[in-house]
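Participant: Contents are TSV, C-alpha atoms; file name coords.tsv:
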chain	number	residue	atom	x	y	z
A	1	MET	CA	-68.68	36.75	-59.04
A	2	LYS	CA	-66.97	33.41	-59.25
A	3	ARG	CA	-63.56	35.03	-59.13
A	4	GLY	CA	-64.54	37.11	-56.09
A	5	THR	CA	-65.90	34.08	-54.32
A	6	ARG	CA	-62.65	32.24	-54.86
A	7	ARG	CA	-60.66	35.14	-53.46
A	8	ARG	CA	-62.74	35.18	-50.26
A	9	ALA	CA	-62.52	31.39	-49.91
A	10	GLY	CA	-58.66	31.36	-49.93
A	11	PRO	CA	-58.08	33.01	-46.49
A	12	TYR	CA	-60.93	31.01	-45.03
A	13	HIS	CA	-59.33	27.69	-45.98
A	14	SER	CA	-55.92	28.75	-44.67
A	15	ARG	CA	-57.44	29.58	-41.28
A	16	ILE	CA	-59.11	26.18	-41.18
A	17	ALA	CA	-55.82	24.42	-42.00
A	18	ALA	CA	-54.01	26.29	-39.19
A	19	ALA	CA	-56.72	25.33	-36.70
A	20	LEU	CA	-56.53	21.67	-37.73
A	21	ALA	CA	-52.73	21.70	-37.33
A	22	LEU	CA	-53.03	23.17	-33.83
A	23	CYS	CA	-55.56	20.52	-32.81
A	24	ALA	CA	-53.32	17.77	-34.15
A	25	ALA	CA	-50.38	19.11	-32.15
A	26	LEU	CA	-52.47	19.12	-29.00
A	27	VAL	CA	-54.00	15.67	-29.52
A	28	LEU	CA	-51.07	13.68	-30.90
A	29	PRO	CA	-48.87	11.99	-28.22
A	30	VAL	CA	-45.36	13.20	-27.50
A	31	PRO	CA	-42.63	10.86	-28.90
A	32	PRO	CA	-41.00	8.59	-26.27
A	33	ALA	CA	-37.53	9.94	-27.11
A	34	ALA	CA	-38.62	13.46	-26.19
A	35	VAL	CA	-40.13	12.21	-22.94
A	36	ALA	CA	-36.91	10.37	-22.05
A	37	ALA	CA	-34.82	13.44	-22.83
A	38	THR	CA	-37.05	15.57	-20.60
A	39	ALA	CA	-36.79	13.00	-17.79
A	40	ARG	CA	-33.02	12.90	-18.10
A	41	SER	CA	-32.73	16.67	-17.96
A	42	ALA	CA	-34.92	16.73	-14.87
A	43	ALA	CA	-32.94	13.93	-13.26
A	44	ALA	CA	-29.66	15.65	-14.09
A	45	ALA	CA	-30.59	18.59	-11.84
A	46	PRO	CA	-31.21	17.27	-8.30
A	47	SER	CA	-32.86	19.69	-5.91
A	48	ALA	CA	-33.20	20.20	-2.16
A	49	GLN	CA	-35.48	22.24	0.12
A	50	VAL	CA	-35.35	23.27	3.78
A	51	SER	CA	-38.44	23.44	5.99
A	52	ASP	CA	-37.29	26.71	7.65
A	53	LYS	CA	-35.18	29.44	6.11
A	54	GLU	CA	-33.76	30.47	9.51
A	55	ALA	CA	-33.05	28.66	12.76
A	56	GLY	CA	-30.81	29.07	15.76
A	57	THR	CA	-27.99	26.90	16.95
A	58	GLY	CA	-29.26	23.71	18.54
A	59	GLY	CA	-32.51	23.66	16.57
A	60	THR	CA	-33.45	21.25	13.81
A	61	VAL	CA	-34.71	21.65	10.27
A	62	THR	CA	-36.07	19.13	7.81
A	63	VAL	CA	-34.24	18.80	4.51
A	64	THR	CA	-36.03	17.16	1.56
A	65	GLY	CA	-34.87	16.51	-1.97
A	66	ARG	CA	-35.90	15.06	-5.31
A	67	GLY	CA	-34.24	14.09	-8.58
A	68	TRP	CA	-31.31	12.29	-7.00
A	69	ARG	CA	-29.91	8.95	-8.05
A	70	PRO	CA	-31.89	6.04	-6.51
A	71	LYS	CA	-30.29	4.41	-3.45
A	72	ALA	CA	-27.55	7.05	-3.36
A	73	LEU	CA	-25.69	7.99	-0.18
A	74	LEU	CA	-25.84	11.75	0.56
A	75	THR	CA	-24.26	14.09	3.10
A	76	LEU	CA	-26.01	17.15	4.56
A	77	LEU	CA	-23.87	20.03	5.86
A	78	ILE	CA	-24.38	23.62	6.97
A	79	CYS	CA	-21.66	25.76	5.38
A	80	GLY	CA	-20.66	29.41	5.60
A	81	GLN	CA	-19.68	31.88	2.88
A	82	ASN	CA	-21.87	29.97	0.40
A	83	MET	CA	-19.29	27.15	0.61
A	84	ILE	CA	-16.77	29.08	-1.48
A	85	GLY	CA	-13.87	27.51	0.40
A	86	GLY	CA	-15.21	23.98	0.02
A	87	THR	CA	-15.97	21.73	2.98
A	88	ASN	CA	-13.43	23.67	5.06
A	89	SER	CA	-16.16	26.27	5.59
A	90	CYS	CA	-18.75	23.67	6.76
A	91	ALA	CA	-19.73	22.31	10.17
A	92	ASN	CA	-18.49	18.82	9.31
A	93	GLY	CA	-18.82	17.47	12.84
A	94	ASP	CA	-22.58	18.14	12.89
A	95	GLY	CA	-23.36	16.85	9.42
A	96	ARG	CA	-25.78	14.04	8.66
A	97	ALA	CA	-25.92	11.22	6.10
A	98	THR	CA	-28.99	9.82	4.36
A	99	THR	CA	-29.90	7.47	1.52
A	100	THR	CA	-32.37	8.22	-1.25
A	101	ASP	CA	-35.30	5.90	-1.97
A	102	ALA	CA	-36.05	4.03	-5.19
A	103	HIS	CA	-37.42	7.25	-6.75
A	104	GLY	CA	-34.39	9.40	-5.88
A	105	ALA	CA	-36.10	11.32	-3.04
A	106	PHE	CA	-35.10	11.77	0.60
A	107	ARG	CA	-36.24	13.41	3.84
A	108	LYS	CA	-33.89	14.01	6.77
A	109	ARG	CA	-33.81	16.12	9.93
A	110	LEU	CA	-30.63	18.19	10.34
A	111	GLN	CA	-29.39	19.80	13.53
A	112	VAL	CA	-28.44	23.44	13.16
A	113	ALA	CA	-24.80	24.25	14.00
A	114	GLU	CA	-22.58	27.29	13.47
A	115	PRO	CA	-20.13	26.82	10.57
A	116	PRO	CA	-16.49	27.97	10.93
A	117	LYS	CA	-17.06	30.75	8.36
A	118	PRO	CA	-19.52	33.66	8.59
A	119	CYS	CA	-22.79	33.72	6.70
A	120	PRO	CA	-24.34	33.92	4.11
A	121	CYS	CA	-24.83	30.20	4.77
A	122	VAL	CA	-26.20	27.30	2.78
A	123	VAL	CA	-27.32	23.74	3.41
A	124	HIS	CA	-25.04	21.68	1.18
A	125	VAL	CA	-26.28	18.30	-0.09
A	126	ALA	CA	-23.82	16.13	-2.06
A	127	THR	CA	-23.34	12.50	-3.09
A	128	VAL	CA	-20.66	10.41	-1.38
A	129	THR	CA	-20.17	7.60	-3.90
A	130	GLY	CA	-20.78	7.20	-7.61
A	131	GLU	CA	-21.30	10.11	-9.98
A	132	ALA	CA	-20.78	13.46	-8.30
A	133	ALA	CA	-23.88	15.63	-7.74
A	134	ALA	CA	-24.60	18.50	-5.35
A	135	ALA	CA	-27.22	21.11	-4.46
A	136	ASP	CA	-27.15	24.14	-2.16
A	137	VAL	CA	-30.10	25.77	-0.36
A	138	ALA	CA	-29.86	29.24	1.17
A	139	PHE	CA	-30.16	29.12	4.95
A	140	LYS	CA	-29.59	31.60	7.80
A	141	VAL	CA	-28.13	30.60	11.15
A	142	ALA	CA	-29.64	32.94	13.74
A	143	GLY	CA	-27.01	34.78	15.77
A	144	HIS	CA	-24.15	33.78	13.49
A	145	PRO	CA	-22.00	36.66	12.13
A	146	VAL	CA	-22.48	37.76	8.56
A	147	ALA	CA	-19.64	39.03	6.32
A	148	PRO	CA	-19.32	39.93	2.65
A	149	LEU	CA	-18.34	37.13	0.36
A	150	PRO	CA	-14.68	37.08	-0.72
A	151	LYS	CA	-14.02	38.21	-4.22
A	152	GLU	CA	-13.74	35.34	-6.61
A	153	GLY	CA	-10.43	35.23	-8.41
A	154	ALA	CA	-10.02	35.12	-12.13
A	155	GLY	CA	-9.08	31.44	-11.93
A	156	GLY	CA	-12.65	30.24	-11.32
A	157	ARG	CA	-13.67	27.60	-8.81
A	158	LEU	CA	-12.31	24.21	-9.78
A	159	ALA	CA	-13.58	21.15	-7.94
A	160	LEU	CA	-12.80	17.49	-8.38
A	161	VAL	CA	-15.67	15.61	-10.05
A	162	ALA	CA	-14.05	12.18	-10.64
A	163	GLN	CA	-11.70	9.93	-8.72
A	164	PRO	CA	-8.09	10.56	-9.82
A	165	GLU	CA	-5.81	7.75	-10.91
A	166	LEU	CA	-2.07	7.16	-11.21
A	167	ALA	CA	-1.14	5.67	-14.59
A	168	GLY	CA	2.19	4.29	-15.80
A	169	SER	CA	4.70	1.60	-14.85
A	170	SER	CA	8.34	1.31	-13.84
A	171	GLY	CA	10.96	0.34	-16.42
A	172	LEU	CA	14.33	-1.38	-16.31
A	173	LEU	CA	16.16	1.82	-15.38
A	174	THR	CA	13.94	2.23	-12.32
A	175	TRP	CA	15.10	-1.24	-11.21
A	176	PHE	CA	18.63	0.21	-11.19
A	177	GLY	CA	17.68	3.36	-9.22
A	178	ALA	CA	16.24	5.73	-11.85
A	179	PRO	CA	13.52	8.15	-10.59
A	180	PRO	CA	10.06	6.48	-10.59
A	181	GLN	CA	7.51	8.33	-12.74
A	182	ARG	CA	3.72	8.27	-13.02
A	183	ARG	CA	0.92	10.34	-14.59
A	184	LEU	CA	-1.81	11.76	-12.34
A	185	THR	CA	-5.08	11.96	-14.29
A	186	PHE	CA	-8.18	13.65	-12.84
A	187	THR	CA	-11.34	15.49	-13.92
A	188	VAL	CA	-12.25	18.93	-12.57
A	189	GLY	CA	-15.34	21.08	-13.00
A	190	ASN	CA	-15.53	24.86	-12.90
A	191	LEU	CA	-18.18	25.84	-10.32
A	192	GLY	CA	-17.52	29.55	-10.68
A	193	SER	CA	-18.92	32.13	-13.04
A	194	THR	CA	-15.63	32.94	-14.76
A	195	PRO	CA	-13.47	30.62	-16.89
A	196	ALA	CA	-10.29	29.18	-15.40
A	197	LYS	CA	-7.45	29.83	-17.83
A	198	ASP	CA	-4.14	27.97	-17.47
A	199	PRO	CA	-4.79	26.90	-13.85
A	200	VAL	CA	-1.80	26.19	-11.62
A	201	PHE	CA	-1.98	23.04	-9.50
A	202	LYS	CA	0.29	21.90	-6.69
A	203	VAL	CA	1.35	18.25	-6.68
A	204	GLY	CA	2.93	16.94	-3.49
A	205	THR	CA	4.60	13.62	-2.63
A	206	SER	CA	5.06	12.40	0.94
A	207	HIS	CA	6.68	9.30	2.44
A	208	GLY	CA	5.65	7.94	5.82
A	209	VAL	CA	5.03	10.61	8.43
A	210	PHE	CA	6.92	13.34	6.57
A	211	ALA	CA	5.15	16.40	5.16
A	212	PRO	CA	4.52	16.54	1.39
A	213	GLU	CA	7.04	18.17	-0.89
A	214	TRP	CA	4.98	20.44	-3.16
A	215	GLU	CA	5.70	21.30	-6.77
A	216	GLU	CA	3.68	23.78	-8.85
A	217	GLN	CA	2.57	22.60	-12.29
A	218	GLN	CA	0.62	24.70	-14.77
A	219	TRP	CA	-1.93	23.08	-17.07
A	220	ARG	CA	-2.24	24.73	-20.47
A	221	GLY	CA	-5.92	25.14	-21.28
A	222	THR	CA	-9.17	26.81	-20.25
A	223	VAL	CA	-12.03	25.36	-18.19
A	224	ALA	CA	-15.17	27.32	-19.03
A	225	ALA	CA	-17.72	28.18	-16.35
A	226	GLY	CA	-19.93	25.17	-15.66
A	227	LYS	CA	-17.75	22.86	-17.79
A	228	LYS	CA	-15.44	19.94	-17.02
A	229	ALA	CA	-11.92	19.12	-18.18
A	230	ARG	CA	-9.70	16.05	-17.90
A	231	ILE	CA	-6.19	16.97	-16.79
A	232	THR	CA	-2.99	14.88	-16.71
A	233	LEU	CA	0.06	15.98	-14.70
A	234	PRO	CA	3.43	14.17	-14.38
A	235	VAL	CA	4.63	12.95	-10.97
A	236	GLU	CA	8.26	12.03	-10.28
A	237	LEU	CA	10.10	10.84	-7.17
A	238	ALA	CA	13.77	11.07	-6.26
A	239	ALA	CA	16.29	8.55	-7.60
A	240	GLY	CA	16.35	5.31	-5.64
A	241	ALA	CA	13.01	6.01	-3.91
A	242	HIS	CA	11.09	2.97	-2.67
A	243	GLY	CA	8.30	2.22	-0.21
A	244	ASP	CA	4.78	3.61	0.33
A	245	TYR	CA	4.23	7.16	-0.93
A	246	GLN	CA	1.23	9.51	-0.97
A	247	VAL	CA	0.50	11.80	-3.94
A	248	SER	CA	-1.55	14.92	-3.06
A	249	LEU	CA	-3.26	17.41	-5.38
A	250	GLU	CA	-4.06	20.97	-4.34
A	251	TYR	CA	-5.62	23.94	-6.11
A	252	GLY	CA	-6.24	27.41	-4.72
A	253	GLY	CA	-5.18	26.36	-1.22
A	254	LYS	CA	-7.72	23.52	-1.21
A	255	LEU	CA	-6.76	19.86	-1.09
A	256	LEU	CA	-8.48	18.03	-3.94
A	257	ALA	CA	-7.25	14.44	-3.71
A	258	ASP	CA	-4.81	11.99	-2.11
A	259	GLU	CA	-3.63	8.89	-3.95
A	260	PRO	CA	-1.41	6.08	-2.56
A	261	TRP	CA	1.62	4.94	-4.54
A	262	GLY	CA	3.66	1.83	-3.72
A	263	VAL	CA	7.18	1.92	-5.18
A	264	GLY	CA	9.23	-1.29	-5.37
A	265	ARG	CA	12.81	-1.58	-4.14
A	266	PRO	CA	15.55	-1.06	-6.80
A	267	TRP	CA	17.15	-4.50	-6.51
A	268	GLY	CA	19.56	-3.69	-9.35
A	269	VAL	CA	21.37	-1.25	-7.06
A	270	THR	CA	21.68	-3.92	-4.36
A	271	LEU	CA	23.11	-6.39	-6.89
A	272	PHE	CA	25.60	-3.76	-8.06
A	273	TRP	CA	26.90	-3.15	-4.53
A	274	VAL	CA	27.22	-6.88	-3.85
A	275	LEU	CA	29.29	-7.36	-7.00
A	276	LEU	CA	31.34	-4.30	-6.14
A	277	CYS	CA	32.18	-5.70	-2.70
A	278	VAL	CA	33.43	-8.90	-4.35
A	279	VAL	CA	35.34	-7.39	-7.29
A	280	ILE	CA	37.22	-4.65	-5.44
A	281	PRO	CA	38.86	-6.92	-2.79
A	282	THR	CA	39.85	-9.39	-5.52
A	283	ALA	CA	41.42	-6.62	-7.62
A	284	VAL	CA	43.30	-5.21	-4.60
A	285	PHE	CA	44.64	-8.67	-3.78
A	286	ARG	CA	45.87	-9.23	-7.34
A	287	ILE	CA	47.55	-5.82	-7.46
A	288	GLY	CA	49.24	-6.45	-4.07
A	289	MET	CA	50.58	-9.82	-5.19
A	290	ALA	CA	51.98	-8.26	-8.36
A	291	VAL	CA	53.76	-5.55	-6.34
A	292	VAL	CA	55.21	-8.10	-3.90
A	293	ASP	CA	56.46	-10.25	-6.77
A	294	ARG	CA	58.19	-7.25	-8.31
A	295	ILE	CA	59.95	-5.90	-5.20
A	296	ARG	CA	61.06	-9.17	-3.55
A	297	PRO	CA	64.91	-9.85	-3.69
A	298	ARG	CA	66.26	-12.25	-6.35
A	299	PRO	CA	68.86	-15.05	-5.49
A	300	ALA	CA	72.53	-14.32	-6.54
A	301	PRO	CA	73.80	-16.27	-9.57
A	302	SER	CA	76.30	-19.20	-8.87
A	303	SER	CA	80.08	-18.51	-9.33
A	304	ARG	CA	80.86	-22.02	-10.51
A	305	THR	CA	80.92	-22.54	-14.22
A	306	PRO	CA	79.06	-25.54	-15.44
A	307	ALA	CA	81.23	-28.45	-16.60
A	308	ALA	CA	81.60	-28.95	-20.29
A	309	PRO	CA	79.75	-31.92	-21.61
A	310	GLY	CA	82.02	-34.98	-22.13
A	311	PRO	CA	82.26	-37.31	-25.09
A	312	ARG	CA	79.39	-39.56	-25.89
A	313	VAL	CA	79.80	-43.05	-24.36
A	314	PRO	CA	78.39	-46.18	-26.00
A	315	ALA	CA	75.49	-47.83	-24.22
A	316	ARG	CA	77.40	-51.11	-23.54
A	317	VAL	CA	80.31	-49.30	-21.92
A	318	ALA	CA	77.96	-47.19	-19.85
A	319	ALA	CA	76.16	-50.33	-18.66
A	320	ARG	CA	79.45	-52.05	-17.74
A	321	TRP	CA	80.62	-48.98	-15.88
A	322	ARG	CA	77.31	-48.81	-14.05
A	323	ARG	CA	77.66	-52.40	-12.87
A	324	GLY	CA	81.16	-51.71	-11.68
A	325	ARG	CA	80.04	-48.43	-10.08
A	326	ALA	CA	82.58	-46.59	-12.12
A	327	PRO	CA	82.06	-43.03	-13.31
A	328	VAL	CA	81.23	-42.45	-16.93
A	329	PRO	CA	84.09	-40.67	-18.75
A	330	GLY	CA	83.29	-37.10	-19.53
A	331	GLY	CA	80.00	-37.26	-17.60
A	332	GLY	CA	78.75	-37.06	-14.07
A	333	ALA	CA	79.20	-39.80	-11.48
A	334	ASP	CA	76.71	-42.57	-11.00
A	335	ALA	CA	74.12	-41.52	-8.47
A	336	SER	CA	74.03	-44.98	-6.91
A	337	ALA	CA	77.83	-45.25	-6.40
A	338	PRO	CA	79.48	-44.16	-3.12
A	339	ALA	CA	81.37	-40.91	-2.87
A	340	ASP	CA	84.88	-42.50	-2.82
A	341	ALA	CA	84.12	-44.62	-5.87
A	342	GLN	CA	82.85	-41.64	-7.73
A	343	ALA	CA	86.06	-39.72	-7.03
A	344	THR	CA	88.40	-42.39	-8.55
A	345	LEU	CA	89.23	-42.93	-12.16
A	346	PRO	CA	88.49	-46.25	-13.84
A	347	TRP	CA	92.15	-46.97	-14.77
A	348	PHE	CA	93.62	-46.01	-11.44
A	349	THR	CA	92.75	-47.50	-8.06
A	350	PRO	CA	94.15	-46.62	-4.63
A	351	ASP	CA	95.62	-50.14	-4.12
A	352	ALA	CA	97.76	-49.99	-7.27
A	353	ALA	CA	98.98	-46.44	-6.77
A	354	PRO	CA	102.57	-46.06	-5.36
A	355	SER	CA	102.70	-44.46	-1.97
A	356	THR	CA	105.29	-41.75	-1.66
A	357	THR	CA	104.46	-41.04	1.92
A	358	THR	CA	105.28	-44.52	3.29
A	359	SER	CA	108.46	-45.50	1.41
A	360	GLY	CA	110.08	-42.12	0.86
A	361	GLN	CA	111.94	-43.60	-2.14
A	362	ARG	CA	111.75	-42.08	-5.50
A	363	PRO	CA	110.69	-44.33	-8.36
A	364	THR	CA	113.48	-45.65	-10.46
A	365	SER	CA	113.85	-44.24	-13.88
A	366	LYS	CA	113.72	-46.29	-16.99
A	367	GLY	CA	116.80	-48.29	-17.72
A	368	THR	CA	118.14	-48.35	-14.16
Could you render the structure from this file as structure tokens?

Facilitator:
Amino acid sequence: MKRGTRRRAGPYHSRIAAALALCAALVLPVPPAAVAATARSAAAAPSAQVSDKEAGTGGTVTVTGRGWRPKALLTLLICGQNMIGGTNSCANGDGRATTTDAHGAFRKRLQVAEPPKPCPCVVHVATVTGEAAAADVAFKVAGHPVAPLPKEGAGGRLALVAQPELAGSSGLLTWFGAPPQRRLTFTVGNLGSTPAKDPVFKVGTSHGVFAPEWEEQQWRGTVAAGKKARITLPVELAAGAHGDYQVSLEYGGKLLADEPWGVGRPWGVTLFWVLLCVVIPTAVFRIGMAVVDRIRPRPAPSSRTPAAPGPRVPARVAARWRRGRAPVPGGGADASAPADAQATLPWFTPDAAPSTTTSGQRPTSKGT
């Protein structure tokens, strides 16, 4: 009997323990961390509603929303084709802007307008500044044409979810005219239902009023549906480029971003041309002077033979001859003596010489 009683009491106690555990789970408070996680998940999914599901052009509908970021600026647009082509399929001129309250809610009246694309249409609500967030509500514009949605390509629907930035700096070679280079970094999210594998982007650079010059660049990787990816693409300008440029990013025929880029002037090239304009004329002048010096005529050598040097004269004799303005034997005449004195010999003077022209007599010989 005792053993049977114990066997019947076992299942009874287990049922009591299960009931106590269920009551404890219902009575005990939920941990704060779980509450915060639930609040964050609810806040991460903002929502919007429209007062009327259908309205004609010129009418108004009331758009309300909850779960948005407090004090956030929002835009409200009516778009065609479920906004597959981005804001290009929306009635941008008839859109409205509103600001959420301290609890992340809003209420705004929106005028109904026909979008540039056929329906099915949606009311698109998106943030303007800060972290990107968006919500679409199905809406029908009465009297607006309806067409099947275009088939979504295998590349998914990539949209920009963060402000792009140009990173990098110019080096010494850029100062001398090398091509300026930067890295365009941006974050995209896949809004489609299929993954985007190895997407091809178009990066364009424009200067002033000229149209962008596009270049296709393929990013190696896969952006899963509903996921984000950070992508970096190189950007390069032509050699010697300077001034204000605009870098554009495009994907699937849709413009994603425009970023300004100010490029400094390559002053090294200017310095090179200045030095070149100084060095080349100087080199040409030196070469011309060398050619003229080589081809000019040389003076003919003198036919007179130089006189042989005479005997060395003592200093006292040279001084006495200088005082008497007599030429030095074997040397040149005194520079200070007159020409007739320099032409006479020291032992023969014109007064003592016999004149053969005046007397006409021949000198007597010795012994006569």

Participant: So that each row is one residue of range 185-233 of chain A with an atom at most 12 Å from range 109-132 of chain A, can you give its shortest atom pair and the distance in Å to one decimal, using all atoms listed in the file, rows by chain and rising number, as CSV?

Facilitator:
residue,atom,partner,partner_atom,distance
A:Thr187,CA,A:Ala132,CA,11.2
A:Val188,CA,A:Ala132,CA,11.0
A:Gly189,CA,A:Ala132,CA,10.5

Participant: Would you save the residues of that selection, restricted to C-alpha atoms, as an mmCIF file, in the coordinates of the input?

Facilitator:
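And here's selection.cif as it stands now:
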data_model
loop_
_atom_site.group_PDB
_atom_site.id
_atom_site.type_symbol
_atom_site.label_atom_id
_atom_site.label_comp_id
_atom_site.auth_asym_id
_atom_site.auth_seq_id
_atom_site.Cartn_x
_atom_site.Cartn_y
_atom_site.Cartn_z
ATOM 1 C CA THR A 187 -11.340 15.490 -13.920
ATOM 2 C CA VAL A 188 -12.250 18.930 -12.570
ATOM 3 C CA GLY A 189 -15.340 21.080 -13.000
#

Participant: List every protein, DNA or RNA residue that has an atom no more than 12 Å from (-14.4, 27.5, 3.7) in the file's coordinate frame, counting all atoms listed in the file, and report them as a count of residues only.

Facilitator: 29

Participant: Please compute the CA of Gln181 in chain A-CA of Pro164 in chain A distance, one decimal, in Å.

Facilitator: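 Spanning CA of Gln181 in chain A to CA of Pro164 in chain A is a straight-line distance of 16.0 Å.
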
Participant: Which residue, A:Ala159, A:Val274, A:Ala55, A:Ala319, has the smallest gap to Gly143 in chain A when you use all atoms listed in the file?

Facilitator: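 Nearest to Gly143 in chain A: A:Ala55.
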
Participant: Taking (-0.1, 23.6, -18.5) in the file's own coordinates, collect the residues within 10 Å, counting only C-alpha atoms, and hand them back as a short mmCIF file (atom, residue, chain, number, x, y, z; two decimals) with C-alpha atoms, in the coordinates of the input.

Facilitator:
data_model
loop_
_atom_site.label_atom_id
_atom_site.label_comp_id
_atom_site.auth_asym_id
_atom_site.auth_seq_id
_atom_site.Cartn_x
_atom_site.Cartn_y
_atom_site.Cartn_z
CA LYS A 197 -7.45 29.83 -17.83
CA ASP A 198 -4.14 27.97 -17.47
CA PRO A 199 -4.79 26.90 -13.85
CA VAL A 200 -1.80 26.19 -11.62
CA PHE A 201 -1.98 23.04 -9.50
CA GLN A 217 2.57 22.60 -12.29
CA GLN A 218 0.62 24.70 -14.77
CA TRP A 219 -1.93 23.08 -17.07
CA ARG A 220 -2.24 24.73 -20.47
CA GLY A 221 -5.92 25.14 -21.28
CA THR A 222 -9.17 26.81 -20.25
CA ILE A 231 -6.19 16.97 -16.79
CA THR A 232 -2.99 14.88 -16.71
CA LEU A 233 0.06 15.98 -14.70
#

Participant: In Å, rounded to a single decimal, give me how far CA of Leu166 in chain A is from CA of Tyr251 in chain A.

Facilitator: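 For CA of Tyr251 in chain A relative to CA of Leu166 in chain A, the distance reads 17.9 Å.
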
Participant: Rounded to one decimal in Å, what is the spacing between CA of Thr75 in chain A and CA of Asp258 in chain A?

Facilitator: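 Between these atoms lies a distance of 20.2 Å.
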
Participant: Which one of A:Arg316, A:Arg107, A:Lys228, A:Arg66 sits closest to Ala135 in chain A if you count only C-alpha atoms?

Facilitator: A:Arg66

Participant: Which one is closest to Thr57 in chain A: A:Gly240, A:Glu259, A:Lys140, A:Thr185? Count only C-alpha atoms.

Facilitator: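 Among the listed residues, A:Lys140 lies closest to Thr57 in chain A.
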
Participant: Taking all atoms of range 270-285 of chain A that the file lists and extending 4 Å past them on each side, where is the centre of the axis-aligned box and how long are its edges? Answer in Å to one decimal, as AutoDock Vina command-line options.

Facilitator:
--center_x 33.2 --center_y -6.3 --center_z -5.4 --size_x 31.0 --size_y 14.2 --size_z 13.4

Participant: For Ala225 in chain A, which residue among A:Asn190, A:Thr205, A:Gln246, A:Gln49 is the nearest when counting all atoms listed in the file?

Facilitator: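 Smallest distance to Ala225 in chain A is found for A:Asn190.
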
Participant: Contacts of Gly104 in chain A at 10 Å or less, counting all atoms listed in the file, minus same-chain residues fewer than 4 places along, as a PDB file with C-alpha atoms, keeping the file's coordinate frame?

Facilitator:
ATOM      1  CA  ALA A  43     -32.940  13.930 -13.260  1.00  0.00           C
ATOM      2  CA  PRO A  46     -31.210  17.270  -8.300  1.00  0.00           C
ATOM      3  CA  GLY A  65     -34.870  16.510  -1.970  1.00  0.00           C
ATOM      4  CA  ARG A  66     -35.900  15.060  -5.310  1.00  0.00           C
ATOM      5  CA  GLY A  67     -34.240  14.090  -8.580  1.00  0.00           C
ATOM      6  CA  TRP A  68     -31.310  12.290  -7.000  1.00  0.00           C
ATOM      7  CA  ARG A  69     -29.910   8.950  -8.050  1.00  0.00           C
ATOM      8  CA  PRO A  70     -31.890   6.040  -6.510  1.00  0.00           C
ATOM      9  CA  LYS A  71     -30.290   4.410  -3.450  1.00  0.00           C
ATOM     10  CA  ALA A  72     -27.550   7.050  -3.360  1.00  0.00           C
ATOM     11  CA  THR A  99     -29.900   7.470   1.520  1.00  0.00           C
ATOM     12  CA  THR A 100     -32.370   8.220  -1.250  1.00  0.00           C
TER      13      THR A 100
END

Participant: Starting from the incomplete input, reconstruct N, CA, C and O atoms of range 48-56 of chain A and write that as an mmCIF file, keeping the file's coordinate frame.

Facilitator:
data_model
loop_
_atom_site.group_PDB
_atom_site.id
_atom_site.type_symbol
_atom_site.label_atom_id
_atom_site.label_comp_id
_atom_site.auth_asym_id
_atom_site.auth_seq_id
_atom_site.Cartn_x
_atom_site.Cartn_y
_atom_site.Cartn_z
ATOM 1 N N ALA A 48 -33.024 20.370 -3.613
ATOM 2 C CA ALA A 48 -33.200 20.200 -2.160
ATOM 3 C C ALA A 48 -33.964 21.402 -1.617
ATOM 4 O O ALA A 48 -33.875 22.521 -2.163
ATOM 5 N N GLN A 49 -34.720 21.180 -0.551
ATOM 6 C CA GLN A 49 -35.480 22.240 0.120
ATOM 7 C C GLN A 49 -35.304 22.099 1.631
ATOM 8 O O GLN A 49 -35.046 21.008 2.139
ATOM 9 N N VAL A 50 -35.448 23.225 2.326
ATOM 10 C CA VAL A 50 -35.350 23.270 3.780
ATOM 11 C C VAL A 50 -36.686 23.743 4.328
ATOM 12 O O VAL A 50 -37.314 24.675 3.780
ATOM 13 N N SER A 51 -37.131 23.095 5.411
ATOM 14 C CA SER A 51 -38.440 23.440 5.990
ATOM 15 C C SER A 51 -38.466 24.866 6.524
ATOM 16 O O SER A 51 -39.470 25.571 6.412
ATOM 17 N N ASP A 52 -37.371 25.346 7.107
ATOM 18 C CA ASP A 52 -37.290 26.710 7.650
ATOM 19 C C ASP A 52 -36.098 27.418 7.033
ATOM 20 O O ASP A 52 -35.003 26.833 6.902
ATOM 21 N N LYS A 53 -36.255 28.655 6.695
ATOM 22 C CA LYS A 53 -35.180 29.440 6.110
ATOM 23 C C LYS A 53 -34.224 29.985 7.160
ATOM 24 O O LYS A 53 -33.129 30.427 6.822
ATOM 25 N N GLU A 54 -34.616 29.959 8.439
ATOM 26 C CA GLU A 54 -33.760 30.470 9.510
ATOM 27 C C GLU A 54 -34.020 29.676 10.773
ATOM 28 O O GLU A 54 -35.170 29.333 11.095
ATOM 29 N N ALA A 55 -32.949 29.392 11.493
ATOM 30 C CA ALA A 55 -33.050 28.660 12.760
ATOM 31 C C ALA A 55 -31.807 28.937 13.564
ATOM 32 O O ALA A 55 -30.739 29.259 13.019
ATOM 33 N N GLY A 56 -31.945 28.818 14.890
ATOM 34 C CA GLY A 56 -30.810 29.070 15.760
ATOM 35 C C GLY A 56 -30.010 27.811 16.032
ATOM 36 O O GLY A 56 -30.426 26.673 15.727
#
